[in-house]
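The structure appears below as C-alpha cells.
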Amino acid sequence: MKRRWAFAGLTPLALASALAAQAPAAPELLFRDITASSGVAFRHHAALEKKYIVESMSGGVALFDYDNDGLPDIYFVDSLTVETASDSRAARSALYRNLGGGRFEDVTDKAGVGHPGWGMGVCTADIDGDGWEDLYVTALGGSRLYRNNHDGTFADVTSASGAGVQGWAAGCAFGDYDKDGKLDLFVSRYVKIDLAHLPEFGKDKTCEYRGIAVQCGPRGLAGETDFLFHNEGSAKFTDVSEKAGVRDPRGYFGLGVVWFDANADGWPDLYVANDSTPNFLYLNQKDGTFKESAFPWGVAVSEDGAEQGSMGVALGDYDHSGRLSLLVTNFSEEYNALYHAEADHFTDVSFRSRTAAISLPFVGWGVAFLDYDNDTWPDFIVINGHVYPQLDRVRLGASAGYRQRKLLYRNTGDGRFEEVAAKYGAVLTDERVGRGLAIGDLDNDGRIDVVINDLDGAPQVLHNEFVARGNWLLVALKGKAPNTSAVGAEITVTTPVGRQTAIVCSGSSYISQNDKRQHFGLGSADAATEILVKWPDGTTTRRTAVKANQIVTLNQLEAAR
Amino acid sequence: MLVLALQGAPPRQAPLPDRATLLAQANDALQRGNRAEAKQLLGKAAERYQSVRALLQLARLEAADGRTAEAMRALTAARALAPNAEEVLVAFAGLSLRVHAPVPAILALESLTRMYPSEPRHAYLLGVGLMTAGDVPAAIDVLRKANTLEPDRPLTLLALGLAYNNQKLFTDSRPLLRRALDLDPASVETLAALSEAEAGEGDMIAAERDASRAMTRDPSNATANFVVGMVRMSQQRYAEARDALITAAAADPRSPKAEYQLSLVYARMGDPASSDRHLNQYREKLRALEATLEALHDTGSGGVIK
C-alpha cells in the first residue's frame with residue numbers, strides 16, 4: 001500500500017504554503033561577515049592535530065588606533081607550531097590599517113610587528129605619554145613590547161624596556177596600580193614548557209579525555225609564575241611581582257586578565273582568569289601591594305566550589321547598577337560564570353541570569369559585553385571552540401565537538417539574558433574554533449562590531465548592520481599624559497532610562513584588546529542627560545545634554561565644564 | 001605406642017555435617033534469633049566446604065550488624081572462589097559503595113555490566129558508583145542506559161536527576177525528578193533534588209517550597225539544606241544561610257560545596273577566621289575527591305579526567 005499524504009486534500013501550492021509557514025523564519029541581519037571583502041587576509045597557523053597544548057591556545061586580537069586617525073585598526077596574533085618552532089618567520093602576526101568603509105590594508109611589514117615569535121595575546125596602551133598607542137604581544141619564548149614611532153612604524157623596545165617575559169606568557173593588561181600616572185603592566189603566564197621535551201601525546205592520565213588520547217595539560221604540567229612591571233617612565237619597566245604579591249608562586253595557569261576597581265575605593269584591582277585552578281582577584285592595598293581575595297569575594301571558583309578552566313574575562317554594568325560585573329568563560333561541562341558585583345563581594349548569578357546552562361557544552365574563550373542593538377542594556381557575546389580535534393572522531397557526553405558555534409546573549413533588562421545567536425543566522429551559528437575576540441566600532445556608525453581570531457585559519461570581521469537599533473554615543477577619552485589612553489577611567493552615561501557605567505580597559509576578553517572608546521546604546525533617548533568621566537587620578541569631567549548619535553571626545557586637560 | 005594408647009586417644013570430634021546441613025542449621029539459628037551461632041555455622045561451611053553461598057550469607061549478616069570489615073572479608077573470600085559470580089559481584093559492589101569505596105565497586109560493576117549488558121540494575125549501580133567517585137559525566141552515560149533498559153524506575157530517575165544536577169544540567173534533571181516524584185511521592189531525596197534543580201533554573205520560589213517540604217520530612221537532608229542555604233544567601237539572610245549550610249555540610253561530610261558556601265557566608269558576615277576555616281575544609285574535601293577520581297583512573301576504569 002502506498003503511503004498517503006499527510007496533507008491529503010491540499011493542493012501542491014497550498015501544501016507548499018503550509019510547509020513554508022512551518023519553516024523557521026529567515027535569520028535577521030545583525031552581523032555581516034565582511035572579512036572577504038575587507039582586505040583582511042590574515043590566517044592563524046595551527047597544527048592539524050594539536051598534539052601539544054602549545055598548539056591550542058593562541059591567539060589574541062587587538063582593536064586600537066595606532067595612527068590616531070580616529071578609526072580602530074586591527075592586530076591579529078599568529079603562532080608557530082611544534083613543527084615550525086625553529087623558524088620564527090613561519091608565523092606572521094598582522095597589523096591592518098582601517099581605511100574606513102569596511103576596508104583594511106595590511107601594513108604589517110612597514111610597521112615591523114609581524115614576527116613576535118610564537119605569539120599568544122596582545123594588549124595596548126600609551127606607555128610613554130606621547131599620545132600614541134603602543135603594543136605588547138605575549139608569546140611563548142619571549143614577549144615583545146613595540147613602541148609606536150608615530151609614523152606608522154614601531155620599534156621593538158623589549159630589551160631596553162625591561163618588560164620582556166620569557167617562558168609562556170599569555171594574558172597582558174596595562175593599568176596604573178600605584179596611581180603615579182604611568183601605566184604599569186601585568187603579564188600572566190600559563191604552563192612551563194620545554195619544546196625539547198614536550199609531554200608525549202596521550203601518554204598518561206593527564207593526556208586523556210574520556211578515554212581518548214589527547215594533548216597533555218594543563219593539569220599534570222607545572223605552571224608558570226606571573227609578572228607585574230612598574231612603569232618607571234621613559235618606557236622603562238621594573239619587575240615588582242614579588243614585592244607586590246602578585247607573582248603567583250604556585251604557578252596557576254594564567255590566561256585572561258583585566259584591571260578594574262572591584263571594591264570602588266579608587267584604586268585599580270586585578271582579576272586573573274586561571275585555567276583549571278582558582279582565579280585571582282588581587283585587591284590593591286594602596287601601598288604597592290595586593291591582597292589576593294578571590295575566594296572571600298566569591299570569584300575564584302564555581303558556586304559548587306569547583307575549579308574551572310577559565311580563559312577569558314569581561315566587565316560590564318549589565319544591570320545599570322553602576323558596578324562592573326565579571327563574566328568569565330570556562331571549559332566545556334563547566335559553565336561561563338557571571339559574577340554580579342555587589343558592594344563588597346560578587347554573587348555568582350550564572351544560573352539565575354539564565355546564561356549558564358546553554359554554555360555547558362562549549363569551551364568558551366573571547367568574551368565581551370556589547371549593546372548590539374543600542375537598547376541601553378549591555379548584551380554579551382562568547383566565542384567557543386574545543387582544544388581537542390580528536391573529539392570529532394568520538395562525540396562524548398555533554399561536550400560539543402571541536403568546532404563550536406558562538407553564543408550571543410540579549411539582555412532582557414531584568415537581570416536575565418536570552419541566548420539569541422540562532423536568530424541571526426550562520427554568521428553566529430557556523431561552527432569554528434574561536435579564541436581571541438575584540439569589539440569596537442570599526443566604521444564609527446554607532447553600531448558595535450566584532451573581530452575574532454580563530455585558531456584554525458581565517459579570522460572574522462563582523463560588521464554590525466542591525467536595523468532596528470536605538471540611538472548611541474561613542475565616548476573617546478584623552479587622558480592627561482602620561483596616561484593619554486585614559487586606561488582606568490570610568491564613564492557614566494545617564495539617560496531617562498537609567499545610568500550605564502563602563503571602564504576604559506587594557507587587555508581583557510581572551511588575551512585580546514577592545515577598542516578603548518566606549519560605546520553606549522541610548523535606546524529611544526535622543527540625548528544623554530549627562531556624561532560623567534571619573535579619570536584615574538580622581539578628577540572628573542561632566543557634560544550635560546549631550547545629543548545622541550555622535551562620537552564625543554573628552555580631554556582631561558580641558559577645563560571641567 | 002602402648003603408653004600412648006593407655007593415655008587414651010584424643011577424643012574424636014563429631015563429624016562435621018555436610019554443607020547443606022550446615023546451611024540449614026545456620027538458617028535455623030537465624031530463625032531462633034541466634035545470629036552468633038548462625039555466623040559460626042556459616043563460617044564453618046565456608047571454611048570446610050568452600051561454600052560461596054555461606055560466605056554471601058555471612059557477609060549479609062555481618063553487614064547488617066554493622067561489621068563491614070568482617071563482611072568485606074567474607075565477600076573478598078567469595079570473590080576469590082567465584083570471581084565472575086553475579087551474586088557475589090553485586091554484593092561486593094553494594095558493600096563497597098556502602099563503605100564509600102567506589103573504586104572497587106566500579107571495577108566489580110564494570111565486569112557485571114559487561115557480562116549482563118541488558119540488566120538495568122547493574123548499570124544503575126555502576127552509575128551510582130561513578131557518581132560517588134566524582135566521575136559524573138561517565139555516570140550520566142551509564143544511568144541513561146539504565147533508564148532505557150528499565151524506564152520509570154524511580155531510583156534510576158533520581159540518580160540520573162542527581163547526576164544532571166551535579167553537572168548543572170537542570171533543564172534535563174527537572175522533568176526526570178518530577179517523574180520520579182510522581183512515581184514515588186514519599187521520596188525525600190527526590191523532592192530535595194527537585195528543589196536543587198528548581199534553584200538552578202532560577203525558580204527560587206519553587207526551590208524554597210520544595211526544599212522546605214523535604215526538610216519537614218527530613219530536617220537534616222543535605223541537598224534541601226544546601227538549597228535553602230543558597231536561597232537565603234541570595235536574599236542576604238546570612239545567619240539563616242549559615243545554619244542551613246552547616247546542616248548540609250554535616251549531612252554530606254565528603255562534599256566540598258557546602259564548605260565553600262560556608263566560607264562565603266562567613267566572609268559576608270564579617271568573620272574572616274571562620275571563612276578561612278571553612279575554606280580550608282573545602283580545599284581538603286576537594287583534594288580528597290580528586291584523589292578518589294585519580295584512583296579510579298589509575299585502576300583503568302573507563303572514567304573521565306580532564
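Ligands are numbered from 1 in the order shown, residues from 1 within each chain, and chains are lettered A, B, ... in the order they appear in the C-alpha cells.
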Check: which chain B residues lie within 9 Å of chain A using only C-alpha atoms, as a ChimeraX atom specification: /B:137-138,140-141,166-171,199-204,234,256-261,263-268,272,275-276,279,282-283,286,294,297-298,302-306
Segment 4-225 of chain B: residues DSSP assigns to alpha helix (DSSP H), reported as an NGL selection string: :B and (4-7 or 19-31 or 35-49 or 52-64 or 68-81 or 86-98 or 102-115 or 120-133 or 136-149 or 154-166 or 170-183 or 188-200 or 204-217 or 222-225)
Point-to-point distance from atom CA of Thr544 of chain A to atom CA of Arg517 of chain A, Å rounded to tenths: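 That distance, rounded to one decimal, is 18.9 Å.
Atom CA of Ser58 of chain A is found 25.5 Å from atom CA of Asp379 of chain A.
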Mind running segment 72-169 of chain A against segment 439-448 of chain A at 9 Å and telling me each contacting residue's nearest atom pair with the distance in Å (one decimal), counting only C-alpha atoms, chain and number ascending, as CSV?
```
residue,atom,partner,partner_atom,distance
A:Pro72,CA,A:Leu442,CA,5.8
A:Asp73,CA,A:Leu442,CA,7.8
A:Asn98,CA,A:Leu442,CA,7.7
A:Gly100,CA,A:Asp443,CA,5.8
A:Gly101,CA,A:Asp443,CA,6.2
A:Gly102,CA,A:Asp443,CA,6.7
```
Written file, previous selection with C-alpha atoms, as a PDB file, in the first residue's frame:
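Below you can see part.pdb, which holds the result:
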```
ATOM      1  CA  PRO A  72      40.331  51.456  15.117  1.00  0.00           C
ATOM      2  CA  ASP A  73      42.922  49.296  13.374  1.00  0.00           C
ATOM      3  CA  ASN A  98      41.491  50.754   8.912  1.00  0.00           C
ATOM      4  CA  GLY A 100      37.149  53.249   6.588  1.00  0.00           C
ATOM      5  CA  GLY A 101      34.117  51.827   4.858  1.00  0.00           C
ATOM      6  CA  GLY A 102      34.917  48.305   5.934  1.00  0.00           C
TER       7      GLY A 102
END
```
Among the residues A:Ala26, A:Trp118, A:Ala163, A:Asn549, the one that comes closest to Asp87 of chain A [using only C-alpha atoms]: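 Once distances to Asp87 of chain A are computed over only C-alpha atoms, the minimum belongs to A:Trp118.
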DSSP strand (DSSP E) residues within segment 108-246 of chain A, listed as a PyMOL selection string: chain A and resi 118-125+134-140+144-148+154-156+169-175+184-189+208-209+212-213+227-233+236-239
Shell around segment 282-294 of chain A at 7 Å using only C-alpha atoms, local window under 5 positions removed, as number ranges by chain: A: 178, 243-246, 267-271, 299-300
When you look at Lys110 of chain A with a cut-off of 8 Å (counting only C-alpha atoms), what residues show up, excluding the ones that are within fewer than 3 positions of it in the same chain? I need them as an mmCIF file with N, CA, C and O atoms, in the first residue's frame.
```cif
data_model
loop_
_atom_site.group_PDB
_atom_site.id
_atom_site.type_symbol
_atom_site.label_atom_id
_atom_site.label_comp_id
_atom_site.auth_asym_id
_atom_site.auth_seq_id
_atom_site.Cartn_x
_atom_site.Cartn_y
_atom_site.Cartn_z
ATOM 1 N N VAL A 107 49.492 46.509 6.811
ATOM 2 C CA VAL A 107 50.653 47.396 6.967
ATOM 3 C C VAL A 107 51.708 46.759 7.878
ATOM 4 O O VAL A 107 52.561 47.447 8.431
ATOM 5 N N GLY A 152 53.730 55.279 11.586
ATOM 6 C CA GLY A 152 53.271 54.024 11.007
ATOM 7 C C GLY A 152 54.214 52.867 11.275
ATOM 8 O O GLY A 152 53.967 51.755 10.809
ATOM 9 N N THR A 153 55.277 53.134 12.004
ATOM 10 C CA THR A 153 56.188 52.051 12.356
ATOM 11 C C THR A 153 56.293 51.925 13.875
ATOM 12 O O THR A 153 55.942 52.851 14.618
#
```
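Within 8 Å of segment 242-254 of chain B there are Ser220, Asn221, Ala222, Thr223, Ala224, Asn225, Phe226, Val228, Gly229, Tyr238, Ala258, Glu259, Gln261, Leu262, Val265, Tyr266, Lys285 and Leu289 of chain B, counting only C-alpha atoms and ignoring same-chain residues fewer than 4 positions away.
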Point-to-point distance in Å for atom CA of Arg144 of chain B and atom CA of Arg213 of chain B: 28.0 Å
Within 10 Å of Arg144 of chain A using only C-alpha atoms, minus same-chain residues under 5 positions, as a list in words: Val113, His115, Pro116, Gly117, Gly119, Val122, Leu135, Tyr136, Val137, Thr138, Ala139, Asp156, Val157, Thr158, Ser159, Ser161, Ala163, Gly164, Val165 and Gln166 of chain A
